[in-house]
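For reference, the structure is listed below as structure tokens.
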Amino acid sequence: MSEYTDSLRDVFELFGPITARRMFGGHGIYHDGLMFALVADDTLYLKVDAHNLGDFEREGLEPFAYDKGGRVVQMSYYQAPEELFEDRELAAAWARRSFEAALRVQAGKRKTKS
């Protein structure tokens, strides 16, 4: 695990325990077994949905995107604001909103399977 990814345990200390798993050449960041963030190229991206997307857009933050066979694929994760690395309470608030977005997505998937 990179030093950057390992440092997120301290950043999200007030939010609660997190774990990191290697994926896609980066890491998925999990809380209570649910992925709410990802790290790619030492950049943190947080989960978004319709409820919290505006928070990221107001800050001018960019979505996570990658090239897949010549076309750009955008995922439902946006870059985290730099300020959260210096403010643990702010980090906890952003993490909580992204975790709640991940919970809503998970609940929606359960509904469609029923």
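Each chain in the structure tokens gets a letter, A, B and so on, in the order shown; residues start at 1 in every chain, and ligands are counted from 1 in the order they appear.
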TODO: From a DSSP calculation on the backbone, collect every residue of chain A in strand (DSSP E) and output the set as a VMD selection string.
DONE: chain A and resid 19 to 23 26 to 31 34 to 40 43 to 47 63 to 68 71 to 79
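For A:Ala20, the list of residues within 7 Å, based on only C-alpha atoms and with local chain neighbours fewer than 4 positions off taken out, reads His27, Gly28, Ile29 and Tyr30 of chain A.
Comparing A:Tyr77, A:Phe24, A:Tyr4, A:Tyr66 by their smallest distance to A:Asp42, the closest is A:Tyr4 (using only C-alpha atoms).
For the pair atom CA of A:Leu8 and atom CA of A:Arg97, the interatomic distance is 16.4 Å.
Relative to atom CA of A:Gly33, atom CA of A:Lys68 is found at 27.4 Å.
Using only C-alpha atoms, the shortest contact distance between A:Arg96 and any of A:Gly54, A:Pro63, A:Gly16, A:Pro81 is found at A:Gly16.
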TODO: Apply DSSP to the backbone of this structure and, from chain A, keep only the residues in alpha helix (DSSP H); write these as a count of residues only.
DONE: 41
